[in-house]
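Participant: Sharing input_7.txt (compact mmCIF, C-alpha atoms) below.
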# COMPACT_ATOMS: atom_id res chain seq x y z
CA ASP A 1 51.72 64.81 -23.05
CA ASN A 2 49.05 67.04 -21.62
CA LEU A 3 48.11 65.78 -18.16
CA LEU A 4 44.42 66.44 -18.74
CA LEU A 5 44.44 64.31 -21.88
CA GLN A 6 45.93 61.48 -19.85
CA GLN A 7 42.82 61.57 -17.67
CA GLN A 8 40.23 61.68 -20.42
CA GLY A 9 37.55 59.74 -18.57
CA GLY A 10 37.52 62.14 -15.65
CA LEU A 11 37.57 65.16 -17.93
CA CYS A 12 34.58 63.86 -19.92
CA GLN A 13 32.65 63.44 -16.68
CA LEU A 14 33.58 66.95 -15.54
CA LEU A 15 32.13 68.35 -18.76
CA LEU A 16 28.79 66.56 -18.35
CA PRO A 17 27.25 69.05 -15.84
CA VAL A 18 28.24 71.90 -18.13
CA LEU A 19 26.37 70.26 -21.01
CA LEU A 20 23.29 70.04 -18.81
CA HIS A 21 23.55 73.58 -17.43
CA PRO A 22 21.12 76.11 -18.98
CA ASN A 23 23.91 78.35 -20.23
CA GLU A 24 24.23 78.32 -24.00
CA GLU A 25 27.84 79.46 -24.14
CA GLY A 26 28.83 76.81 -21.60
CA GLU A 27 26.99 74.11 -23.54
CA ILE A 28 28.76 75.08 -26.75
CA GLU A 29 32.23 75.14 -25.20
CA ALA A 30 31.70 71.85 -23.36
CA ALA A 31 30.48 70.14 -26.54
CA ARG A 32 33.44 71.53 -28.49
CA ALA A 33 35.85 70.27 -25.85
CA LEU A 34 34.27 66.83 -26.08
CA GLY A 35 34.60 67.02 -29.85
CA ASN A 36 38.35 67.51 -29.47
CA LEU A 37 38.61 64.72 -26.91
CA SER A 38 36.57 62.35 -29.05
CA ARG A 39 39.43 62.11 -31.55
CA TRP A 40 40.92 59.62 -29.07
CA ALA A 41 39.43 56.10 -28.90
CA GLU A 42 39.80 56.03 -25.12
CA ALA A 43 37.83 59.25 -24.77
CA ARG A 44 35.06 57.95 -27.03
CA GLN A 45 34.72 54.93 -24.78
CA SER A 46 34.67 57.18 -21.71
CA ILE A 47 31.97 59.38 -23.23
CA CYS A 48 29.71 56.39 -23.83
CA ARG A 49 30.57 54.59 -20.60
CA GLY A 50 29.79 57.74 -18.59
CA ARG A 51 26.55 58.34 -20.56
CA VAL A 52 27.80 61.73 -21.70
CA HIS A 53 26.50 60.86 -25.18
CA GLU A 54 22.96 60.96 -23.80
CA ALA A 55 23.36 64.64 -22.93
CA LEU A 56 24.70 65.34 -26.44
CA ILE A 57 21.65 63.65 -27.96
CA VAL A 58 19.32 65.66 -25.71
CA LEU A 59 21.03 68.84 -26.97
CA LEU A 60 19.89 67.96 -30.50
CA GLU A 61 16.56 69.49 -29.45
CA HIS A 62 18.21 72.80 -28.49
CA PRO A 63 16.96 75.84 -30.46
CA SER A 64 20.47 77.23 -31.05
CA PRO A 65 22.21 76.04 -34.24
CA GLN A 66 25.55 76.71 -32.55
CA VAL A 67 24.75 74.21 -29.80
CA LEU A 68 23.64 71.64 -32.37
CA GLU A 69 26.76 72.18 -34.45
CA ALA A 70 28.99 71.61 -31.40
CA SER A 71 27.03 68.54 -30.32
CA CYS A 72 27.16 66.99 -33.78
CA GLY A 73 30.90 67.66 -33.84
CA THR A 74 31.25 65.08 -31.07
CA LEU A 75 28.50 62.71 -32.17
CA ILE A 76 30.00 62.35 -35.65
CA ASN A 77 33.21 61.01 -34.10
CA LEU A 78 31.28 58.61 -31.88
CA ALA A 79 29.26 57.40 -34.87
CA ALA A 80 32.49 56.77 -36.79
CA ASP A 81 33.57 54.33 -34.06
CA SER A 82 31.99 50.89 -34.57
CA SER A 83 32.14 50.21 -30.83
CA CYS A 84 29.94 53.26 -30.09
CA ARG A 85 27.29 52.97 -32.80
CA GLN A 86 24.89 50.63 -31.04
CA THR A 87 25.10 52.73 -27.88
CA LEU A 88 23.97 55.76 -29.87
CA CYS A 89 21.23 53.84 -31.64
CA ASP A 90 19.88 52.59 -28.31
CA CYS A 91 19.30 56.24 -27.37
CA HIS A 92 17.24 56.88 -30.52
CA ALA A 93 20.05 58.87 -32.08
CA ILE A 94 18.88 58.07 -35.62
CA SER A 95 15.47 59.69 -35.23
CA ARG A 96 16.85 62.58 -33.14
CA LEU A 97 19.52 63.36 -35.71
CA THR A 98 17.03 63.21 -38.59
CA GLU A 99 14.67 65.57 -36.79
CA ALA A 100 17.56 67.91 -35.97
CA MET A 101 18.77 67.89 -39.57
CA HIS A 102 15.26 68.67 -40.80
CA GLY A 103 14.88 71.54 -38.33
CA LEU A 104 18.30 72.98 -39.13
CA VAL A 105 17.60 73.17 -42.86
CA GLY A 106 14.37 74.96 -42.04
CA LEU A 107 16.23 77.32 -39.72
CA ALA A 108 18.83 78.06 -42.39
CA SER A 109 15.99 78.92 -44.77
CA SER A 110 14.56 81.54 -42.43
CA PRO A 111 15.36 85.11 -43.55
CA ASP A 112 15.42 86.18 -39.89
CA GLU A 113 18.03 83.63 -38.76
CA PRO A 114 21.29 85.44 -37.88
CA HIS A 115 23.30 82.21 -37.84
CA ALA A 116 22.10 80.68 -41.09
CA SER A 117 25.56 79.50 -42.18
CA VAL A 118 26.02 77.75 -38.81
CA ALA A 119 22.65 76.05 -39.27
CA GLU A 120 23.73 74.90 -42.74
CA ASN A 121 26.94 73.37 -41.45
CA ALA A 122 25.15 71.77 -38.49
CA ALA A 123 22.58 70.21 -40.83
CA VAL A 124 25.34 68.63 -42.89
CA LEU A 125 27.13 67.44 -39.75
CA ALA A 126 23.91 65.82 -38.53
CA GLY A 127 23.51 64.15 -41.92
CA LYS A 128 27.09 62.88 -41.91
CA THR A 129 26.60 61.50 -38.43
CA LEU A 130 23.52 59.66 -39.66
CA CYS A 131 25.48 58.24 -42.59
CA ASN A 132 28.15 56.94 -40.23
CA LEU A 133 25.51 55.37 -37.99
CA LEU A 134 23.54 53.76 -40.78
CA CYS A 135 26.28 52.56 -43.09
CA GLY A 136 29.66 53.17 -41.51
CA ASP A 137 30.60 49.50 -41.28
CA GLY A 138 31.13 49.26 -45.04
CA HIS A 139 29.51 45.83 -45.30
CA SER A 140 27.08 44.71 -48.00
CA LEU A 141 24.85 43.18 -45.31
CA VAL A 142 23.94 45.28 -42.28
CA ARG A 143 21.46 44.77 -39.48
CA CYS A 144 18.37 46.93 -39.91
CA LEU A 145 18.26 49.60 -37.21
CA LEU A 146 14.75 50.85 -38.06
CA ASP A 147 11.50 49.13 -38.87
CA SER A 148 9.78 49.98 -42.15
CA ASP A 149 7.30 52.44 -40.66
CA GLU A 150 9.96 54.44 -38.84
CA ALA A 151 12.20 54.42 -41.91
CA SER A 152 9.29 55.81 -43.96
CA GLN A 153 8.66 58.59 -41.44
CA LEU A 154 12.32 59.59 -41.40
CA LEU A 155 12.45 59.42 -45.19
CA ASP A 156 9.54 61.90 -45.29
CA LEU A 157 11.51 64.28 -43.05
CA LEU A 158 14.56 63.90 -45.28
CA GLU A 159 12.56 64.66 -48.43
CA GLU A 160 11.06 67.76 -46.78
CA ALA A 161 14.55 68.91 -45.86
CA CYS A 162 15.76 68.28 -49.41
CA THR A 163 12.88 70.34 -50.82
CA GLN A 164 13.83 73.24 -48.55
CA ALA A 165 17.53 72.80 -49.34
CA ARG A 166 16.88 73.14 -53.09
CA LEU A 167 15.41 76.59 -52.45
CA LEU A 168 18.12 77.58 -50.00
CA ARG A 169 20.63 80.27 -50.93
CA TRP A 170 23.57 78.53 -49.27
CA GLN A 171 26.01 80.77 -47.42
CA ASP A 172 28.46 77.98 -46.51
CA GLU A 173 30.12 76.74 -49.71
CA ASP A 174 31.39 73.52 -48.15
CA ALA A 175 27.96 72.68 -46.78
CA ALA A 176 26.37 73.41 -50.16
CA ARG A 177 28.81 71.03 -51.86
CA GLU A 178 28.46 68.21 -49.32
CA TRP A 179 24.69 68.28 -48.77
CA PRO A 180 23.67 66.50 -52.02
CA GLN A 181 26.02 63.58 -51.34
CA VAL A 182 24.85 63.21 -47.75
CA ALA A 183 21.17 63.43 -48.72
CA ASP A 184 21.59 60.88 -51.52
CA ILE A 185 23.21 58.30 -49.23
CA LEU A 186 20.51 58.75 -46.59
CA ARG A 187 17.77 58.52 -49.21
CA GLN A 188 19.16 55.22 -50.51
CA VAL A 189 19.40 53.64 -47.06
CA LEU A 190 16.06 54.85 -45.70
CA SER A 191 14.09 54.11 -48.87
CA GLY A 192 15.62 50.63 -49.03
CA TRP A 193 14.52 49.84 -45.50
CA ALA A 194 11.09 51.38 -46.05
CA ARG A 195 10.49 49.20 -49.14
CA ALA A 196 11.92 46.03 -47.66
CA GLN A 197 9.21 45.67 -44.98
CA VAL A 198 11.85 44.43 -42.55
CA THR A 199 11.99 44.57 -38.78
CA ILE A 200 14.77 45.72 -36.50
CA GLY A 201 17.65 43.25 -36.36
CA HIS A 202 17.12 41.60 -39.75
CA GLU A 203 20.05 41.61 -42.16
CA VAL A 204 19.44 43.64 -45.28
CA SER A 205 21.47 44.27 -48.41
CA HIS A 206 23.17 47.63 -48.50
CA GLN A 207 25.64 49.38 -50.78
CA PRO A 208 27.97 51.47 -48.60
CA PRO A 209 29.63 54.71 -49.71
CA ARG A 210 32.64 54.02 -51.91
CA GLU A 211 34.91 56.75 -50.69
CA SER A 212 35.73 55.47 -47.23
CA GLU A 213 34.33 53.74 -44.20
CA CYS A 214 32.96 57.02 -42.85
CA LEU A 215 32.14 60.31 -44.51
CA GLU A 216 34.00 62.23 -41.82
CA GLU A 217 37.34 60.54 -41.22
CA LEU A 218 38.82 60.92 -37.76
CA THR A 219 42.18 62.67 -37.65
CA PRO A 220 44.48 61.08 -35.06
CA PRO A 221 45.78 63.78 -32.73
CA SER A 222 49.42 64.67 -32.48
CA ASP A 223 51.39 63.26 -29.56
CA HIS A 224 52.14 66.86 -28.61
CA ALA A 225 48.55 68.12 -28.73
So that I can check it, write out the structure of this file as structure tokens.
Facilitator:
Amino acid sequence: DNLLLQQQGGLCQLLLPVLLHPNEEGEIEAARALGNLSRWAEARQSICRGRVHEALIVLLEHPSPQVLEASCGTLINLAADSSCRQTLCDCHAISRLTEAMHGLVGLASSPDEPHASVAENAAVLAGKTLCNLLCGDGHSLVRCLLDSDEASQLLDLLEEACTQARLLRWQDEDAAREWPQVADILRQVLSGWARAQVTIGHEVSHQPPRESECLEELTPPSDHA
């Protein structure tokens, strides 16, 4: 086995200063490295225990779609892990991801954006991460993570993104195919909470996605990776 992968906790901590350094290329590569590490359960725990996830959430406000794509590549794996979801939610990941998704669709719609296809893929990744956070447990009763007012605000952002996406000339075929499914799941969850007039922590009825526990299934790494 790779010696570095045997010391995942230390490696995750070493990558944290790179995430926080104002060098875009370094931020991208550090986030991508964390995305690879986050395929391991032990690394996901190390990322959350060392508060590396907080830096990834902060990067959701970065103007570069490449940085957001790399950050979401790690966050989606954390959100697929039931032991990490509450940690992400406590850092306002739901609202940050929704805002990032909304901004990325707008960026992809800009005729002057040189990385439109990256923005498209990052928007879908942000949406998938949200789906895993909001309904990844696969239970018919889940604890409400948003109050009705916040759910309504995020639903408005989602609908604005969907309006822009309908006019978008998608460059990424996979993103174009996956976006409607992601948007539909998010619309169902957010509109349900907005109508229910519930408060955070209450149990609410929810119909999870049928396909699997999470939209983005983790692929266990090879022993020889």
Participant: With distances taken over only C-alpha atoms, which of A:Leu68, A:Val105, A:Val124, A:Leu133 is nearest to Arg169 in chain A?
Facilitator: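 The closest residue to Arg169 in chain A is A:Val105.
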Participant: For Ala161 in chain A, list every protein, DNA or RNA residue within 10 Å, evaluated using all atoms listed in the file, and leave out those in the same chain fewer than 6 positions away; present the list as a PyMOL selection string.
Facilitator: chain A and resi 98-99+101-106+123+155+183
Participant: Quick check, in Å to one decimal: how far apart do CA of Val18 in chain A and CA of Asn132 in chain A lie?
Facilitator: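 Pair CA of Val18 in chain A / CA of Asn132 in chain A returns 26.7 Å.
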Participant: Could you check the closest approach to Ala70 in chain A for each of A:Gly50, A:Ser110, A:Glu27, A:His92 and tell me which residue wins, using all atoms listed in the file?
Facilitator: A:Glu27
Participant: Quick one: of A:Arg187, A:Arg96, A:Arg195, A:His115, who's nearest to Leu56 in chain A, counting only C-alpha atoms?
Facilitator: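 Smallest separation from Leu56 in chain A among the options: A:Arg96.
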Participant: Nearest residue to Lys128 in chain A out of A:Glu42, A:Glu160, A:Glu178, A:Glu29, using all atoms listed in the file?
Facilitator: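 Looking only at the distances to Lys128 in chain A, the closest residue turns out to be A:Glu178.
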